[in-house]
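S.K.: A single structure is presented below for examination.
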Amino acid sequence: MRTIISYIRSYYQQMDAGVLFITTPLMAMLIFLNYHFGIDNDITHHYDFLYSFTGRYLIYLTAFCIPWILYYLKGDRTYFRQQRFLLLLFFAPAIFALKTALNLPLPFSDDPGWNVYWNRVFHWPVLLLITLFLLYLTWKWNDKDQPFYGWKTKAMDWRPYWMMLLIMLPLIAAASTQKDFLSHYPKLQLISGVYASGEPAVWQKALFELSYGSDFITIETFFRGFLVLAFAKWAGKDAILPMACFYCTIHFGKPLGECISSYFGGLLLGIVVFNTRSIFGGLMVHLGIAWLMEIGGYIGNAWK
């Protein structure tokens, strides 16, 4: 744990405090606008690929570019002269906008609720493969001199990550008593009709959770592996803050507290990956928290 604390201390000692000081209230304003006007909700319920892709892309690009623009205005960042850096700056939000906008409905069942269930189970792993394919092409084009975007486990010390999960356990337990939390977790309850004929079988819940977990491989590879390690080759520690801003926006449909905390969580995980060059510690924490929240949702709703 001391190692991670030293990473955090080093980052805040070397980062541009002025950029952080301006970026944070700007992100707060973006969060307010989303929740006040229901921007993400409108995009989610507008079942048109082009509308969804464009809306997501503009949100992601705006958040991602806030700190980059501030760095540019400082006038001492030479990486803005690099053509590949600029291309990736605009291409990165497009990859995740495609991931969030892409919908591949298949007729798995005549029952509407279970059809949604099976599409979700199918959907997350397929999106993982599509995202990994696009990132692999990007890695071959620009980053094949380093391991594939943090996919390495050599010399990993797993103890700090277990400690981080233990710290989160009482917080998740407390959240599991809140109405806002229990309305979102577990995710399976959000699929209307699945519980209509009784409690789903254990294997059906487990399959859903495994598929849901695959989405966190997508997220960690993209945000911590790609957005930190690909951009760090030009920008060093500057790559961490834009990633955290972008990461915050993918939580716009979640409870407000979760969205706000994702900004700071993104900073923490970005700092760790920047120093360890591996996404797997962060993946363990992120996936562990996600599944603990699911468990908390099952227990909390059953107790309620």
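Starting from 1 in every chain, residues are counted up; chains themselves are A, B, ... following the order of the structure tokens, and ligands are numbered from 1 as listed.
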Which residues are close to Val272 in chain A, i.e. within 10 Å by only C-alpha atoms, leaving aside same-chain residues fewer than 6 positions away? Reply as a list in words.
M.R.: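 Final neighbour list, sorted by chain and number: Thr3, Ile4, Ile5, Tyr7, Ile8, Tyr11, Arg224, Ile240, Gly266, Ser278, Ile279, Gly281 and Gly282 of chain A.
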S.K.: Within 8 Å of Trp124 in chain A, counting only C-alpha atoms, which residues qualify if same-chain residues fewer than 4 places away don't, as a PDB file with C-alpha atoms, in the first residue's frame?
M.R.:
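The result, written out as part-v1.pdb:
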```pdb
ATOM      1  CA  ARG A 120     -26.974  -8.717 -22.829  1.00  0.00           C
ATOM      2  CA  LEU A 128     -14.991  -6.672 -25.827  1.00  0.00           C
ATOM      3  CA  SER A 211     -20.714 -11.528 -19.121  1.00  0.00           C
ATOM      4  CA  TYR A 212     -21.098  -8.241 -17.207  1.00  0.00           C
ATOM      5  CA  SER A 214     -16.161  -8.978 -19.394  1.00  0.00           C
ATOM      6  CA  ASP A 215     -17.154  -5.337 -19.899  1.00  0.00           C
TER       7      ASP A 215
END
```
S.K.: Find the residues around Ala17 in chain A up to 12 Å (only C-alpha atoms counted), leave out those fewer than 6 positions away in its own chain, and share them as a list of chain:residue names.
M.R.: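 Residues near the query, excluding close chain neighbours: A:Tyr11, A:Thr23, A:Thr24, A:Pro67, A:Leu70, A:Tyr71, A:Asp238, A:Leu241.
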S.K.: Output the selection as an mmCIF file, in the first residue's frame - C-alpha atoms for each residue.
M.R.:
```cif
data_model
loop_
_atom_site.group_PDB
_atom_site.id
_atom_site.type_symbol
_atom_site.label_atom_id
_atom_site.label_comp_id
_atom_site.auth_asym_id
_atom_site.auth_seq_id
_atom_site.Cartn_x
_atom_site.Cartn_y
_atom_site.Cartn_z
ATOM 1 C CA TYR A 11 1.913 12.414 -9.255
ATOM 2 C CA THR A 23 -10.462 21.007 -14.942
ATOM 3 C CA THR A 24 -12.238 19.812 -11.798
ATOM 4 C CA PRO A 67 -7.454 19.172 -19.863
ATOM 5 C CA LEU A 70 -5.615 23.626 -20.964
ATOM 6 C CA TYR A 71 -2.246 21.928 -21.435
ATOM 7 C CA ASP A 238 -0.272 14.562 -18.468
ATOM 8 C CA LEU A 241 -6.151 13.617 -16.085
#
```
S.K.: Using only C-alpha atoms, which of the listed residues (A:Ala230, A:Tyr51, A:Arg277, A:Trp203) sits closest to Lys144 in chain A?
M.R.: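 That would be A:Ala230, the residue with the smallest distance to Lys144 in chain A.
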S.K.: Between A:Gln13, A:Gln204, A:Asn275, A:Asn301, which has the minimum distance to Trp118 in chain A (counting only C-alpha atoms)?
M.R.: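 Of the candidates, the smallest distance to Trp118 in chain A is held by A:Gln204.
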S.K.: Please list as an mmCIF file with C-alpha atoms, in the first residue's frame every residue within 12 Å of Arg81 in chain A, counting only C-alpha atoms and excluding residues in the same chain fewer than 5 positions away.
M.R.:
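Ended up saving to result-v9.cif:
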```
data_model
loop_
_atom_site.group_PDB
_atom_site.id
_atom_site.type_symbol
_atom_site.label_atom_id
_atom_site.label_comp_id
_atom_site.auth_asym_id
_atom_site.auth_seq_id
_atom_site.Cartn_x
_atom_site.Cartn_y
_atom_site.Cartn_z
ATOM 1 C CA TYR A 72 -2.087 23.400 -24.947
ATOM 2 C CA GLY A 75 2.263 26.719 -24.460
ATOM 3 C CA ASP A 76 5.070 24.415 -23.301
ATOM 4 C CA LEU A 86 -3.522 14.593 -32.619
ATOM 5 C CA LEU A 87 -5.038 11.790 -34.694
ATOM 6 C CA TRP A 234 4.239 11.657 -25.707
ATOM 7 C CA ALA A 235 2.697 13.344 -22.694
#
```
S.K.: Could you state the separation of CA of Phe90 in chain A and CA of Leu61 in chain A in Å, given to one decimal place?
M.R.: 7.1 Å
S.K.: Which residues come within 12 Å of Leu292 in chain A, counting only C-alpha atoms, excluding same-chain residues fewer than 6 positions away, as a list in words?
M.R.: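 Counting only C-alpha atoms, the residues come to Leu165, Leu166, Met168, Leu169, Pro170, Leu171, Ile172, Ala173, Ala174, Ala175, Ser176, Tyr185, Pro186, Glu209, Gly213, Met284, Val285, His286, Tyr298, Ile299 and Gly300 of chain A.
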S.K.: Within range 148-276 of chain A, find each residue whose DSSP state, derived from the backbone, is alpha helix (DSSP H), and express the selection as a PyMOL selection string.
M.R.: chain A and resi 159-175+179-182+202-219+231-235+240-249+256-276
S.K.: Using only C-alpha atoms, which of A:Met156, A:Met164, A:Ile59, A:Leu26 sits nearest Met1 in chain A?
M.R.: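 Counting only C-alpha atoms, the residue closest to Met1 in chain A is A:Met164.
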S.K.: Report the distance between CA of Met15 in chain A and CA of Ile217 in chain A in Å, rounded to one decimal place.
M.R.: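 These two atoms are separated by 27.8 Å.
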S.K.: Find the distance between CA of Leu182 in chain A and CA of Gly297 in chain A and write it in Å to one decimal.
M.R.: 5.6 Å
S.K.: Residues near Asn34 in chain A, anyone? I mean within 10 Å using only C-alpha atoms, not counting same-chain ones fewer than 4 positions away, as a PDB file with N, CA and C atoms, in the first residue's frame.
M.R.:
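The resulting part.pdb:
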```
ATOM      1  N   ALA A  28     -17.268  19.292 -13.034  1.00  0.00           N
ATOM      2  CA  ALA A  28     -18.448  19.408 -12.167  1.00  0.00           C
ATOM      3  C   ALA A  28     -19.601  20.054 -12.927  1.00  0.00           C
ATOM      4  N   MET A  29     -19.285  21.052 -13.746  1.00  0.00           N
ATOM      5  CA  MET A  29     -20.309  21.717 -14.558  1.00  0.00           C
ATOM      6  C   MET A  29     -20.882  20.751 -15.589  1.00  0.00           C
ATOM      7  N   LEU A  30     -20.023  19.954 -16.200  1.00  0.00           N
ATOM      8  CA  LEU A  30     -20.477  18.976 -17.191  1.00  0.00           C
ATOM      9  C   LEU A  30     -21.392  17.937 -16.537  1.00  0.00           C
ATOM     10  N   GLY A  38     -30.746  15.757 -18.309  1.00  0.00           N
ATOM     11  CA  GLY A  38     -30.971  14.376 -18.728  1.00  0.00           C
ATOM     12  C   GLY A  38     -30.367  14.052 -20.086  1.00  0.00           C
ATOM     13  N   ILE A  39     -29.173  14.582 -20.350  1.00  0.00           N
ATOM     14  CA  ILE A  39     -28.547  14.413 -21.664  1.00  0.00           C
ATOM     15  C   ILE A  39     -28.273  12.940 -21.965  1.00  0.00           C
ATOM     16  N   ASP A  40     -27.627  12.251 -21.023  1.00  0.00           N
ATOM     17  CA  ASP A  40     -27.312  10.832 -21.242  1.00  0.00           C
ATOM     18  C   ASP A  40     -28.589  10.007 -21.367  1.00  0.00           C
ATOM     19  N   ASN A  41     -29.581  10.333 -20.570  1.00  0.00           N
ATOM     20  CA  ASN A  41     -30.844   9.604 -20.624  1.00  0.00           C
ATOM     21  C   ASN A  41     -31.509   9.749 -21.993  1.00  0.00           C
ATOM     22  N   ASP A  42     -31.434  10.934 -22.563  1.00  0.00           N
ATOM     23  CA  ASP A  42     -32.005  11.179 -23.892  1.00  0.00           C
ATOM     24  C   ASP A  42     -31.287  10.344 -24.952  1.00  0.00           C
ATOM     25  N   ILE A  59     -19.846  14.137 -26.291  1.00  0.00           N
ATOM     26  CA  ILE A  59     -19.659  14.179 -24.836  1.00  0.00           C
ATOM     27  C   ILE A  59     -18.259  13.713 -24.465  1.00  0.00           C
ATOM     28  N   THR A 249     -17.399  10.473 -17.778  1.00  0.00           N
ATOM     29  CA  THR A 249     -18.583  10.636 -18.625  1.00  0.00           C
ATOM     30  C   THR A 249     -19.276   9.319 -18.952  1.00  0.00           C
ATOM     31  N   PHE A 252     -22.329   8.672 -16.684  1.00  0.00           N
ATOM     32  CA  PHE A 252     -23.406   9.655 -16.646  1.00  0.00           C
ATOM     33  C   PHE A 252     -24.784   9.032 -16.434  1.00  0.00           C
ATOM     34  N   GLY A 253     -24.960   7.769 -16.751  1.00  0.00           N
ATOM     35  CA  GLY A 253     -26.245   7.125 -16.524  1.00  0.00           C
ATOM     36  C   GLY A 253     -26.358   6.453 -15.172  1.00  0.00           C
TER      37      GLY A 253
END
```
S.K.: Which residues are near range 95-103 of chain A? Cut-off 6 Å, only C-alpha atoms, ignore same chain within fewer than 6 positions. Put them as a ChimeraX atom specification.
M.R.: /A:49,52-53,56-57
S.K.: Of the residues A:Tyr12, A:Arg2, A:Leu50, A:Leu104, which is the one nearest to Pro125 in chain A, using only C-alpha atoms?
M.R.: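 Going through A:Tyr12, A:Arg2, A:Leu50, A:Leu104 one by one, the smallest distance to Pro125 in chain A is for A:Leu104.
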S.K.: Let me make sure I understand: among A:Leu268, A:Leu190, A:Lys179, A:Leu283, which one has the smallest atom-to-atom distance to Lys152 in chain A if we use only C-alpha atoms?
M.R.: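 Once distances to Lys152 in chain A are computed over only C-alpha atoms, the minimum belongs to A:Leu283.
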S.K.: Out of A:Ala155, A:Ala201, A:Leu20, A:Ile167, which residue has the shortest atom-to-atom distance to Gly288 in chain A when counting only C-alpha atoms?
M.R.: A:Ile167
